[in-house]
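Everything below belongs to protein_2.cif, which stores mmCIF, C-alpha atoms.
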data_protein
#
loop_
_atom_site.group_PDB
_atom_site.id
_atom_site.type_symbol
_atom_site.label_atom_id
_atom_site.label_comp_id
_atom_site.auth_asym_id
_atom_site.auth_seq_id
_atom_site.Cartn_x
_atom_site.Cartn_y
_atom_site.Cartn_z
ATOM 1 C CA MET A 1 70.761 56.830 1.231
ATOM 2 C CA VAL A 2 67.787 58.913 2.224
ATOM 3 C CA ILE A 3 68.203 62.330 3.789
ATOM 4 C CA ALA A 4 65.009 63.461 5.528
ATOM 5 C CA ILE A 5 64.950 67.153 6.373
ATOM 6 C CA ARG A 6 62.326 68.100 8.945
ATOM 7 C CA GLU A 7 61.218 71.637 8.168
ATOM 8 C CA GLY A 8 60.536 73.699 11.280
ATOM 9 C CA SER A 9 62.583 71.411 13.516
ATOM 10 C CA ASP A 10 64.577 72.883 16.393
ATOM 11 C CA ILE A 11 67.531 70.855 15.088
ATOM 12 C CA PRO A 12 69.562 72.837 12.527
ATOM 13 C CA ILE A 13 69.575 71.388 9.005
ATOM 14 C CA TYR A 14 73.360 70.830 9.023
ATOM 15 C CA GLN A 15 72.951 68.774 12.219
ATOM 16 C CA GLN A 16 70.101 66.761 10.677
ATOM 17 C CA ILE A 17 72.333 65.928 7.692
ATOM 18 C CA ARG A 18 75.244 65.021 9.971
ATOM 19 C CA ASP A 19 73.078 62.844 12.207
ATOM 20 C CA GLN A 20 71.516 60.965 9.304
ATOM 21 C CA ILE A 21 74.865 60.236 7.682
ATOM 22 C CA VAL A 22 76.161 58.897 11.020
ATOM 23 C CA GLN A 23 73.009 56.742 11.286
ATOM 24 C CA GLY A 24 73.573 55.514 7.726
ATOM 25 C CA ILE A 25 77.129 54.480 8.605
ATOM 26 C CA SER A 26 75.927 52.821 11.812
ATOM 27 C CA ASP A 27 73.195 50.738 10.200
ATOM 28 C CA GLY A 28 75.154 49.797 7.078
ATOM 29 C CA ARG A 29 73.296 51.922 4.517
ATOM 30 C CA LEU A 30 76.625 53.688 3.956
ATOM 31 C CA SER A 31 79.697 51.520 3.732
ATOM 32 C CA ALA A 32 83.358 52.291 4.295
ATOM 33 C CA GLY A 33 84.836 54.100 1.312
ATOM 34 C CA GLU A 34 81.456 54.958 -0.189
ATOM 35 C CA GLN A 35 81.369 58.209 -2.140
ATOM 36 C CA LEU A 36 79.064 60.919 -0.810
ATOM 37 C CA PRO A 37 77.451 63.498 -3.081
ATOM 38 C CA THR A 38 79.379 66.710 -3.589
ATOM 39 C CA VAL A 39 78.415 69.613 -1.368
ATOM 40 C CA ARG A 40 76.919 71.443 -4.334
ATOM 41 C CA ALA A 41 75.004 68.426 -5.659
ATOM 42 C CA LEU A 42 73.458 67.539 -2.287
ATOM 43 C CA ALA A 43 72.540 71.179 -1.593
ATOM 44 C CA GLU A 44 70.853 71.545 -4.995
ATOM 45 C CA GLU A 45 68.946 68.281 -4.712
ATOM 46 C CA ILE A 46 67.658 69.031 -1.205
ATOM 47 C CA GLY A 47 67.102 72.696 -2.041
ATOM 48 C CA ILE A 48 69.284 74.229 0.658
ATOM 49 C CA ASN A 49 72.308 76.496 0.779
ATOM 50 C CA SER A 50 75.595 74.751 -0.042
ATOM 51 C CA MET A 51 77.187 76.293 3.060
ATOM 52 C CA THR A 52 74.749 74.241 5.170
ATOM 53 C CA VAL A 53 75.886 70.982 3.566
ATOM 54 C CA ASN A 54 79.512 72.126 3.807
ATOM 55 C CA LYS A 55 79.067 72.709 7.546
ATOM 56 C CA ALA A 56 77.659 69.180 7.971
ATOM 57 C CA TYR A 57 80.544 67.674 5.977
ATOM 58 C CA GLN A 58 83.130 69.663 7.954
ATOM 59 C CA LEU A 59 81.631 68.414 11.218
ATOM 60 C CA LEU A 60 81.651 64.813 9.948
ATOM 61 C CA LYS A 61 85.269 65.228 8.855
ATOM 62 C CA GLN A 62 86.323 66.658 12.237
ATOM 63 C CA GLN A 63 84.639 63.744 13.987
ATOM 64 C CA GLY A 64 86.409 61.212 11.754
ATOM 65 C CA TYR A 65 83.325 59.823 9.985
ATOM 66 C CA ILE A 66 84.317 60.997 6.518
ATOM 67 C CA ILE A 67 87.444 61.940 4.645
ATOM 68 C CA ALA A 68 87.361 64.698 2.076
ATOM 69 C CA ASP A 69 89.710 66.281 -0.389
ATOM 70 C CA ARG A 70 89.303 68.427 -3.471
ATOM 71 C CA ARG A 71 90.292 65.708 -5.916
ATOM 72 C CA ASN A 72 88.262 62.761 -4.631
ATOM 73 C CA GLY A 73 85.381 64.481 -2.836
ATOM 74 C CA ALA A 74 83.888 63.129 0.379
ATOM 75 C CA ARG A 75 83.885 59.442 1.262
ATOM 76 C CA VAL A 76 82.933 57.438 4.313
ATOM 77 C CA SER A 77 86.086 56.827 6.313
ATOM 78 C CA ARG A 78 87.467 53.303 6.064
ATOM 79 C CA GLU A 79 88.764 53.423 9.622
ATOM 80 C CA ILE A 80 86.458 55.122 12.085
ATOM 81 C CA GLU A 81 88.077 55.382 15.490
ATOM 82 C CA LYS A 82 86.591 53.015 18.059
ATOM 83 C CA SER A 83 86.681 54.523 21.530
ATOM 84 C CA SER A 84 84.242 52.220 23.387
ATOM 85 C CA GLN A 85 82.833 55.340 25.061
ATOM 86 C CA LEU A 86 80.285 58.002 24.242
ATOM 87 C CA SER A 87 81.552 61.519 23.682
ATOM 88 C CA LYS A 88 80.902 64.122 26.334
ATOM 89 C CA GLU A 89 78.253 65.715 24.069
ATOM 90 C CA SER A 90 76.505 62.372 23.548
ATOM 91 C CA LYS A 91 76.464 61.701 27.288
ATOM 92 C CA GLU A 92 74.848 65.099 27.892
ATOM 93 C CA LEU A 93 72.236 64.387 25.216
ATOM 94 C CA LEU A 94 71.546 60.977 26.737
ATOM 95 C CA LYS A 95 71.064 62.573 30.169
ATOM 96 C CA ARG A 96 68.481 64.972 28.702
ATOM 97 C CA ILE A 97 66.651 62.133 26.938
ATOM 98 C CA ILE A 98 66.554 60.061 30.140
ATOM 99 C CA ALA A 99 65.251 63.047 32.116
ATOM 100 C CA GLU A 100 62.469 63.611 29.559
ATOM 101 C CA ALA A 101 61.581 59.918 29.634
ATOM 102 C CA LYS A 102 61.364 59.929 33.447
ATOM 103 C CA ILE A 103 59.193 63.045 33.465
ATOM 104 C CA SER A 104 56.923 61.463 30.841
ATOM 105 C CA GLY A 105 56.372 58.452 33.092
ATOM 106 C CA ILE A 106 58.318 55.962 30.982
ATOM 107 C CA THR A 107 59.659 53.154 33.138
ATOM 108 C CA GLU A 108 63.298 52.121 33.068
ATOM 109 C CA GLU A 109 62.378 48.829 31.394
ATOM 110 C CA GLU A 110 60.305 50.601 28.715
ATOM 111 C CA PHE A 111 63.170 53.031 28.121
ATOM 112 C CA LEU A 112 65.732 50.233 27.848
ATOM 113 C CA GLY A 113 63.392 48.379 25.486
ATOM 114 C CA GLU A 114 63.289 51.435 23.204
ATOM 115 C CA CYS A 115 67.076 51.672 23.395
ATOM 116 C CA ARG A 116 67.404 47.998 22.406
ATOM 117 C CA ARG A 117 65.060 48.469 19.424
ATOM 118 C CA TYR A 118 67.041 51.412 18.084
ATOM 119 C CA TYR A 119 70.410 49.836 18.811
ATOM 120 C CA SER A 120 69.380 46.714 16.885
ATOM 121 C CA GLY A 121 68.009 48.776 14.007
ATOM 122 C CA THR A 122 64.366 47.783 14.435
ATOM 123 C CA GLY A 123 63.186 51.206 15.678
ATOM 124 C CA GLU A 124 61.082 53.642 13.669
ATOM 125 C CA THR A 125 62.475 55.245 10.546
ATOM 126 C CA ASN A 126 61.731 58.725 9.308
ATOM 127 C CA LYS A 127 59.351 58.658 6.325
ATOM 128 C CA GLU A 128 59.535 62.415 5.586
ATOM 129 C CA CYS A 129 62.127 62.100 2.847
ATOM 130 C CA MET A 130 63.355 64.965 0.712
ATOM 131 C CA LYS A 131 66.223 63.293 -1.141
ATOM 132 C CA ILE A 132 67.574 59.906 -2.091
ATOM 133 C CA TRP A 133 71.112 59.403 -3.339
#
Could I get this structure in the form of structure tokens?
Amino acid sequence: MVIAIREGSDIPIYQQIRDQIVQGISDGRLSAGEQLPTVRALAEEIGINSMTVNKAYQLLKQQGYIIADRRNGARVSREIEKSSQLSKESKELLKRIIAEAKISGITEEEFLGECRRYYSGTGETNKECMKIW
């Protein structure tokens, strides 16, 4: 799994870690039950504070994407809840993205085409990698 931290991004580092782990689960790079690095190990390898990684892991745990305990560490959850709906936060983010697309002059068909590419996994990937585990 590759974690790509974008220095100077408006997105906090813990959120970047969280988002990339969710993407890894979604596209199959991380499988159910797969062991994640320890908080300390990931923080050291990326070169960030361990509290930042801990915050990302806590968020992932709250959202049901990972399970974690002191004995076995963090693993991808074997049973991620399927709700068939976006969360309220995701809907708000989607609204903002659509608004930006409209303002930029992107047509509905172009926007839906981009959505299809990313949904199918054929969209762009981030090449600015700082760590592979």
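With only C-alpha atoms as the basis for measurement, A:Val39 is the residue among A:Thr122, A:Leu30, A:Glu45, A:Val39 that approaches Gln58 of chain A most closely.
Here the question is which of A:Ile97, A:Ser77, A:Ala56, A:Glu89 gets nearest to Phe111 of chain A using only C-alpha atoms, and that residue is A:Ile97.
Using all atoms listed in the file for every distance, the candidate list A:Ile13, A:Ala43, A:Ile67, A:Ile98 yields A:Ile67 as the residue closest to Glu79 of chain A.
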Checklist entry - How would you write, as a PyMOL selection string, the residues chosen by the PyMOL selection byres ((chain A and resi 68) around 12) on this structure? => result chain A and resi 33-39+54+57-62+64-67+69-77
Next on the checklist: I'd like the interatomic distance between atom CA of Ser84 of chain A and atom CA of Ser26 of chain A, to a tenth of an Å.
Outcome noted: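 Separation of atom CA of Ser84 of chain A and atom CA of Ser26 of chain A: 14.3 Å.
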For the structure provided, state which residues fall under the PyMOL selection byres ((chain A and resi 46) around 12), and present them as a PDB file with C-alpha atoms, in the coordinates of the input.
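Output (result_10.pdb):
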ATOM      1  CA  VAL A   2      67.787  58.913   2.224  1.00  0.00           C
ATOM      2  CA  ILE A   3      68.203  62.330   3.789  1.00  0.00           C
ATOM      3  CA  ALA A   4      65.009  63.461   5.528  1.00  0.00           C
ATOM      4  CA  ILE A   5      64.950  67.153   6.373  1.00  0.00           C
ATOM      5  CA  ARG A   6      62.326  68.100   8.945  1.00  0.00           C
ATOM      6  CA  GLU A   7      61.218  71.637   8.168  1.00  0.00           C
ATOM      7  CA  ILE A  13      69.575  71.388   9.005  1.00  0.00           C
ATOM      8  CA  TYR A  14      73.360  70.830   9.023  1.00  0.00           C
ATOM      9  CA  ILE A  17      72.333  65.928   7.692  1.00  0.00           C
ATOM     10  CA  PRO A  37      77.451  63.498  -3.081  1.00  0.00           C
ATOM     11  CA  VAL A  39      78.415  69.613  -1.368  1.00  0.00           C
ATOM     12  CA  ARG A  40      76.919  71.443  -4.334  1.00  0.00           C
ATOM     13  CA  ALA A  41      75.004  68.426  -5.659  1.00  0.00           C
ATOM     14  CA  LEU A  42      73.458  67.539  -2.287  1.00  0.00           C
ATOM     15  CA  ALA A  43      72.540  71.179  -1.593  1.00  0.00           C
ATOM     16  CA  GLU A  44      70.853  71.545  -4.995  1.00  0.00           C
ATOM     17  CA  GLU A  45      68.946  68.281  -4.712  1.00  0.00           C
ATOM     18  CA  GLY A  47      67.102  72.696  -2.041  1.00  0.00           C
ATOM     19  CA  ILE A  48      69.284  74.229   0.658  1.00  0.00           C
ATOM     20  CA  ASN A  49      72.308  76.496   0.779  1.00  0.00           C
ATOM     21  CA  SER A  50      75.595  74.751  -0.042  1.00  0.00           C
ATOM     22  CA  THR A  52      74.749  74.241   5.170  1.00  0.00           C
ATOM     23  CA  VAL A  53      75.886  70.982   3.566  1.00  0.00           C
ATOM     24  CA  CYS A 129      62.127  62.100   2.847  1.00  0.00           C
ATOM     25  CA  MET A 130      63.355  64.965   0.712  1.00  0.00           C
ATOM     26  CA  LYS A 131      66.223  63.293  -1.141  1.00  0.00           C
ATOM     27  CA  ILE A 132      67.574  59.906  -2.091  1.00  0.00           C
ATOM     28  CA  TRP A 133      71.112  59.403  -3.339  1.00  0.00           C
TER      29      TRP A 133
END
Next on the checklist: Report, in Å with one decimal, the straight-line distance from atom CA of Glu110 of chain A to atom CA of Pro12 of chain A.
Outcome noted: 29.0 Å
Checklist entry - In Å, with one decimal, what is the gap from atom CA of Gly28 of chain A to atom CA of Arg116 of chain A? => result 17.3 Å
Checklist entry - In terms of the shortest atom-to-atom distance over all atoms listed in the file, which of A:Ala101, A:Gln20, A:Thr107, A:Arg78 is closest to Ala32 of chain A? => result A:Arg78
Draw an axis-aligned box over all listed atoms of segment 62-67 of chain A, pad each side with 8 Å, and write its centre and edge lengths in Å, one decimal, as JSON.
{"center_x": 85.4, "center_y": 63.2, "center_z": 9.3, "size_x": 20.1, "size_y": 22.8, "size_z": 25.3}
Item to check | Test item: the PyMOL selection byres ((chain A and resi 121) around 12) resolved as a ChimeraX atom specification | outcome: /A:23-24,26-29,114-120,122-125
Fill-in result for segment 10-35 of chain A, N, CA and C atoms as an mmCIF file, in the coordinates of the input:
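result.cif written:
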data_model
loop_
_atom_site.group_PDB
_atom_site.id
_atom_site.type_symbol
_atom_site.label_atom_id
_atom_site.label_comp_id
_atom_site.auth_asym_id
_atom_site.auth_seq_id
_atom_site.Cartn_x
_atom_site.Cartn_y
_atom_site.Cartn_z
ATOM 1 N N ASP A 10 63.635 72.112 15.577
ATOM 2 C CA ASP A 10 64.577 72.883 16.393
ATOM 3 C C ASP A 10 66.018 72.487 16.080
ATOM 4 N N ILE A 11 66.191 71.344 15.426
ATOM 5 C CA ILE A 11 67.531 70.855 15.088
ATOM 6 C C ILE A 11 67.957 71.502 13.777
ATOM 7 N N PRO A 12 69.097 72.192 13.764
ATOM 8 C CA PRO A 12 69.562 72.837 12.527
ATOM 9 C C PRO A 12 69.720 71.823 11.395
ATOM 10 N N ILE A 13 69.519 72.280 10.171
ATOM 11 C CA ILE A 13 69.575 71.388 9.005
ATOM 12 C C ILE A 13 70.943 70.722 8.889
ATOM 13 N N TYR A 14 72.035 71.453 9.125
ATOM 14 C CA TYR A 14 73.360 70.830 9.023
ATOM 15 C C TYR A 14 73.489 69.673 10.006
ATOM 16 N N GLN A 15 72.896 69.823 11.204
ATOM 17 C CA GLN A 15 72.951 68.774 12.219
ATOM 18 C C GLN A 15 72.095 67.585 11.801
ATOM 19 N N GLN A 16 70.944 67.846 11.168
ATOM 20 C CA GLN A 16 70.101 66.761 10.677
ATOM 21 C C GLN A 16 70.845 65.943 9.619
ATOM 22 N N ILE A 17 71.544 66.624 8.720
ATOM 23 C CA ILE A 17 72.333 65.928 7.692
ATOM 24 C C ILE A 17 73.430 65.103 8.347
ATOM 25 N N ARG A 18 74.166 65.715 9.263
ATOM 26 C CA ARG A 18 75.244 65.021 9.971
ATOM 27 C C ARG A 18 74.717 63.779 10.672
ATOM 28 N N ASP A 19 73.626 63.949 11.433
ATOM 29 C CA ASP A 19 73.078 62.844 12.207
ATOM 30 C C ASP A 19 72.626 61.696 11.314
ATOM 31 N N GLN A 20 72.009 62.016 10.187
ATOM 32 C CA GLN A 20 71.516 60.965 9.304
ATOM 33 C C GLN A 20 72.644 60.234 8.580
ATOM 34 N N ILE A 21 73.715 60.920 8.278
ATOM 35 C CA ILE A 21 74.865 60.236 7.682
ATOM 36 C C ILE A 21 75.504 59.307 8.708
ATOM 37 N N VAL A 22 75.628 59.760 9.957
ATOM 38 C CA VAL A 22 76.161 58.897 11.020
ATOM 39 C C VAL A 22 75.255 57.673 11.199
ATOM 40 N N GLN A 23 73.939 57.876 11.177
ATOM 41 C CA GLN A 23 73.009 56.742 11.286
ATOM 42 C C GLN A 23 73.170 55.790 10.110
ATOM 43 N N GLY A 24 73.362 56.346 8.914
ATOM 44 C CA GLY A 24 73.573 55.514 7.726
ATOM 45 C C GLY A 24 74.834 54.664 7.832
ATOM 46 N N ILE A 25 75.884 55.234 8.392
ATOM 47 C CA ILE A 25 77.129 54.480 8.605
ATOM 48 C C ILE A 25 76.880 53.389 9.641
ATOM 49 N N SER A 26 76.189 53.757 10.713
ATOM 50 C CA SER A 26 75.927 52.821 11.812
ATOM 51 C C SER A 26 75.112 51.614 11.372
ATOM 52 N N ASP A 27 74.077 51.851 10.564
ATOM 53 C CA ASP A 27 73.195 50.738 10.200
ATOM 54 C C ASP A 27 73.557 50.071 8.875
ATOM 55 N N GLY A 28 74.669 50.480 8.272
ATOM 56 C CA GLY A 28 75.154 49.797 7.078
ATOM 57 C C GLY A 28 74.621 50.320 5.760
ATOM 58 N N ARG A 29 73.771 51.352 5.785
ATOM 59 C CA ARG A 29 73.296 51.922 4.517
ATOM 60 C C ARG A 29 74.419 52.644 3.790
ATOM 61 N N LEU A 30 75.423 53.093 4.535
ATOM 62 C CA LEU A 30 76.625 53.688 3.956
ATOM 63 C C LEU A 30 77.809 52.828 4.376
ATOM 64 N N SER A 31 78.572 52.408 3.414
ATOM 65 C CA SER A 31 79.697 51.520 3.732
ATOM 66 C C SER A 31 81.025 52.273 3.662
ATOM 67 N N ALA A 32 82.022 51.702 4.281
ATOM 68 C CA ALA A 32 83.358 52.291 4.295
ATOM 69 C C ALA A 32 83.835 52.538 2.875
ATOM 70 N N GLY A 33 84.322 53.738 2.625
ATOM 71 C CA GLY A 33 84.836 54.100 1.312
ATOM 72 C C GLY A 33 83.782 54.592 0.337
ATOM 73 N N GLU A 34 82.524 54.533 0.721
ATOM 74 C CA GLU A 34 81.456 54.958 -0.189
ATOM 75 C C GLU A 34 81.517 56.454 -0.450
ATOM 76 N N GLN A 35 81.352 56.813 -1.714
ATOM 77 C CA GLN A 35 81.369 58.209 -2.140
ATOM 78 C C GLN A 35 80.077 58.904 -1.721
#
